[in-house]
>>> print(open('start.pdb').read())   # PDB, C-alpha atoms
ATOM      1  CA  MET U1353     -25.815  25.679 -25.049
ATOM      2  CA  SER U1354     -26.245  22.586 -22.953
ATOM      3  CA  GLU U1355     -27.936  22.384 -19.577
ATOM      4  CA  TYR U1356     -25.857  23.098 -16.456
ATOM      5  CA  ASN U1357     -24.428  19.955 -14.856
ATOM      6  CA  GLU U1358     -22.384  19.194 -11.736
ATOM      7  CA  ASN U1359     -20.635  15.834 -11.515
ATOM      8  CA  PHE U1360     -19.012  14.775  -8.207
ATOM      9  CA  GLN U1361     -16.470  11.979  -7.706
ATOM     10  CA  VAL U1362     -14.001  11.235  -4.902
ATOM     11  CA  LEU U1363     -10.501  10.133  -5.923
ATOM     12  CA  ASN U1364      -7.798   9.550  -3.300
ATOM     13  CA  GLY U1365      -9.645  11.618  -0.711
ATOM     14  CA  VAL U1366     -10.094  14.628  -3.027
ATOM     15  CA  LEU U1367     -13.529  15.616  -4.256
ATOM     16  CA  HIS U1368     -13.396  16.121  -8.031
ATOM     17  CA  VAL U1369     -16.158  18.291  -9.432
ATOM     18  CA  ARG U1370     -16.763  18.709 -13.142
ATOM     19  CA  LEU U1371     -18.990  21.585 -14.174
ATOM     20  CA  SER U1372     -20.435  21.863 -17.658
ATOM     21  CA  GLY U1373     -23.096  23.718 -19.587
ATOM     22  CA  LYS U1374     -24.463  27.217 -19.099
ATOM     23  CA  PHE U1375     -24.190  28.407 -15.503
ATOM     24  CA  PRO U1376     -27.623  29.496 -14.265
ATOM     25  CA  ILE U1377     -26.988  33.046 -13.051
ATOM     26  CA  GLU U1378     -30.120  32.860 -10.892
ATOM     27  CA  LEU U1379     -28.132  30.648  -8.483
ATOM     28  CA  LEU U1380     -26.330  33.816  -7.419
ATOM     29  CA  HIS U1381     -29.604  35.473  -6.471
ATOM     30  CA  LYS U1382     -30.922  32.802  -4.119
ATOM     31  CA  GLY U1383     -29.246  34.227  -1.027
ATOM     32  CA  LYS U1384     -27.036  31.238  -0.311
ATOM     33  CA  ASN U1385     -23.460  30.323  -1.096
ATOM     34  CA  VAL U1386     -23.050  29.459  -4.778
ATOM     35  CA  PHE U1387     -20.629  26.722  -3.671
ATOM     36  CA  GLN U1388     -23.238  25.040  -1.437
ATOM     37  CA  PRO U1389     -23.361  21.855  -3.569
ATOM     38  CA  LEU U1390     -19.559  21.586  -3.145
ATOM     39  CA  ILE U1391     -19.857  22.195   0.600
ATOM     40  CA  ASP U1392     -22.567  19.535   0.886
ATOM     41  CA  ALA U1393     -20.601  16.984  -1.155
ATOM     42  CA  CYS U1394     -17.406  17.564   0.842
ATOM     43  CA  SER U1395     -19.369  17.087   4.049
ATOM     44  CA  HIS U1396     -21.045  13.937   2.733
ATOM     45  CA  PHE U1397     -17.791  12.344   1.559
ATOM     46  CA  GLY U1398     -15.603  13.691   4.378
ATOM     47  CA  CYS U1399     -13.294  15.604   2.015
ATOM     48  CA  LYS U1400     -11.247  18.668   2.961
ATOM     49  CA  LYS U1401      -9.833  19.191  -0.548
ATOM     50  CA  ALA U1402     -11.615  19.691  -3.843
ATOM     51  CA  LEU U1403     -10.658  20.089  -7.478
ATOM     52  CA  VAL U1404     -13.310  21.979  -9.436
ATOM     53  CA  ASP U1405     -12.938  21.609 -13.200
ATOM     54  CA  ALA U1406     -14.917  24.477 -14.705
ATOM     55  CA  ARG U1407     -13.318  24.394 -18.160
ATOM     56  CA  ASP U1408     -16.560  23.209 -19.800
ATOM     57  CA  ILE U1409     -18.823  25.837 -18.285
ATOM     58  CA  GLN U1410     -20.162  28.997 -19.870
ATOM     59  CA  ALA U1411     -20.825  31.857 -17.459
ATOM     60  CA  ASP U1412     -21.435  35.533 -18.052
ATOM     61  CA  LEU U1413     -20.637  37.047 -14.672
ATOM     62  CA  GLY U1414     -20.572  40.792 -14.209
ATOM     63  CA  THR U1415     -18.647  42.640 -11.527
ATOM     64  CA  THR U1416     -21.287  42.167  -8.822
ATOM     65  CA  ALA U1417     -21.549  38.441  -9.525
ATOM     66  CA  LEU U1418     -17.759  38.050  -9.498
ATOM     67  CA  PHE U1419     -17.603  39.867  -6.159
ATOM     68  CA  GLN U1420     -20.274  37.629  -4.629
ATOM     69  CA  THR U1421     -18.652  34.492  -6.029
ATOM     70  CA  GLY U1422     -15.287  35.572  -4.590
ATOM     71  CA  GLU U1423     -16.859  36.098  -1.175
ATOM     72  CA  ASP U1424     -18.593  32.722  -1.400
ATOM     73  CA  ALA U1425     -15.275  31.096  -2.342
ATOM     74  CA  ALA U1426     -13.569  32.626   0.698
ATOM     75  CA  PHE U1427     -16.179  31.036   2.948
ATOM     76  CA  LEU U1428     -14.898  27.618   1.847
ATOM     77  CA  SER U1429     -11.616  28.143   3.690
ATOM     78  CA  HIS U1430     -13.481  29.273   6.816
ATOM     79  CA  ILE U1431     -14.973  25.779   6.994
ATOM     80  CA  GLY U1432     -11.624  24.107   6.305
ATOM     81  CA  LEU U1433     -11.829  23.419   2.571
ATOM     82  CA  ARG U1434      -8.882  23.829   0.201
ATOM     83  CA  VAL U1435     -10.116  24.236  -3.375
ATOM     84  CA  ALA U1436      -8.290  24.227  -6.695
ATOM     85  CA  LEU U1437     -10.314  25.769  -9.491
ATOM     86  CA  LEU U1438      -9.390  24.702 -13.019
ATOM     87  CA  ALA U1439     -10.462  27.205 -15.678
ATOM     88  CA  ARG U1440      -9.872  28.133 -19.301
ATOM     89  CA  GLU U1441      -7.542  31.045 -19.954
ATOM     90  CA  ASP U1442     -10.453  33.198 -21.171
ATOM     91  CA  MET U1443     -12.281  32.648 -17.864
ATOM     92  CA  LEU U1444      -9.574  34.041 -15.607
ATOM     93  CA  ASP U1445     -10.511  37.210 -13.770
ATOM     94  CA  ARG U1446      -8.133  38.879 -11.351
ATOM     95  CA  PHE U1447     -10.991  40.684  -9.598
ATOM     96  CA  PHE U1448     -12.580  37.372  -8.526
ATOM     97  CA  GLU U1449      -9.226  36.090  -7.279
ATOM     98  CA  ASP U1450      -8.493  39.331  -5.393
ATOM     99  CA  VAL U1451     -11.871  39.264  -3.647
ATOM    100  CA  ALA U1452     -11.384  35.635  -2.610
ATOM    101  CA  TYR U1453      -7.741  36.031  -1.519
ATOM    102  CA  ASN U1454      -8.389  39.273   0.367
ATOM    103  CA  ARG U1455     -10.939  37.385   2.434
ATOM    104  CA  GLY U1456      -8.547  34.538   3.267
ATOM    105  CA  ALA U1457      -9.558  31.936   0.698
ATOM    106  CA  LEU U1458      -7.551  28.737   0.399
ATOM    107  CA  LEU U1459      -8.297  28.809  -3.295
ATOM    108  CA  GLY U1460      -5.970  28.264  -6.210
ATOM    109  CA  VAL U1461      -6.989  29.164  -9.761
ATOM    110  CA  PHE U1462      -5.250  27.225 -12.529
ATOM    111  CA  THR U1463      -5.382  26.489 -16.238
ATOM    112  CA  ASP U1464      -3.195  23.386 -15.916
ATOM    113  CA  MET U1465      -4.514  20.179 -14.304
ATOM    114  CA  SER U1466      -1.082  19.062 -13.053
ATOM    115  CA  ALA U1467      -0.435  22.399 -11.351
ATOM    116  CA  ALA U1468      -3.883  22.307  -9.722
ATOM    117  CA  CYS U1469      -3.349  18.767  -8.396
ATOM    118  CA  GLU U1470       0.139  19.632  -7.134
ATOM    119  CA  TRP U1471      -1.159  22.718  -5.307
ATOM    120  CA  LEU U1472      -3.861  20.663  -3.598
ATOM    121  CA  GLN U1473      -1.228  18.348  -2.128
ATOM    122  CA  LYS U1474       0.578  21.170  -0.297
TER     123      LYS U1474
END
>>> encode(input="start.pdb", output="structure tokens")
Amino acid sequence: MSEYNENFQVLNGVLHVRLSGKFPIELLHKGKNVFQPLIDACSHFGCKKALVDARDIQADLGTTALFQTGEDAAFLSHIGLRVALLAREDMLDRFFEDVAYNRGALLGVFTDMSAACEWLQK
């Protein structure tokens, strides 16, 4: 498995993030938002919308990690970020989405790039 990588690029005012490699689970145990690099990049580039392409990532997240990640995702909307998350079909987890949505997340989870981009424009 390849090393974890985050690649950031701004296109038409939207921050595009491409994640690849094996997600380091220890990032969830550091006591800060797992989306902090996204938050920092959006702040740096002045973006309020982000498309996170996680189709090339490998992550083994248990229930506790999915709960924490959902809570972290909800925080993004509290600071005014709208995020579309692009995932493989085998990555989809309703529990993560429920945690995020129940906390007011402006987060869309998609398996289709066109649908993700369209949702971001709403």
>>> atom_distance(input="start.pdb", atom1="atom CA of Glu1449 of chain U", atom2="atom CA of Ala1406 of chain U")
14.9 Å
>>> closest_residue(input="start.pdb", among="U:Lys1384, U:Arg1434, U:Lys1374, U:His1396", to="Glu1358 of chain U", atoms="all atoms listed in the file")
U:Lys1374
>>> closest_residue(input="start.pdb", among="U:Phe1448, U:Tyr1453, U:Phe1375, U:Tyr1356", to="Thr1416 of chain U", atoms="all atoms listed in the file")
U:Phe1448
>>> atom_distance(input="start.pdb", atom1="atom CA of Leu1472 of chain U", atom2="atom CA of Val1366 of chain U")
8.7 Å
>>> closest_residue(input="start.pdb", among="U:Phe1397, U:Phe1387, U:His1381, U:Gly1414", to="Leu1363 of chain U", atoms="only C-alpha atoms")
U:Phe1397
>>> atom_distance(input="start.pdb", atom1="atom CA of Asp1464 of chain U", atom2="atom CA of Glu1378 of chain U")
29.0 Å
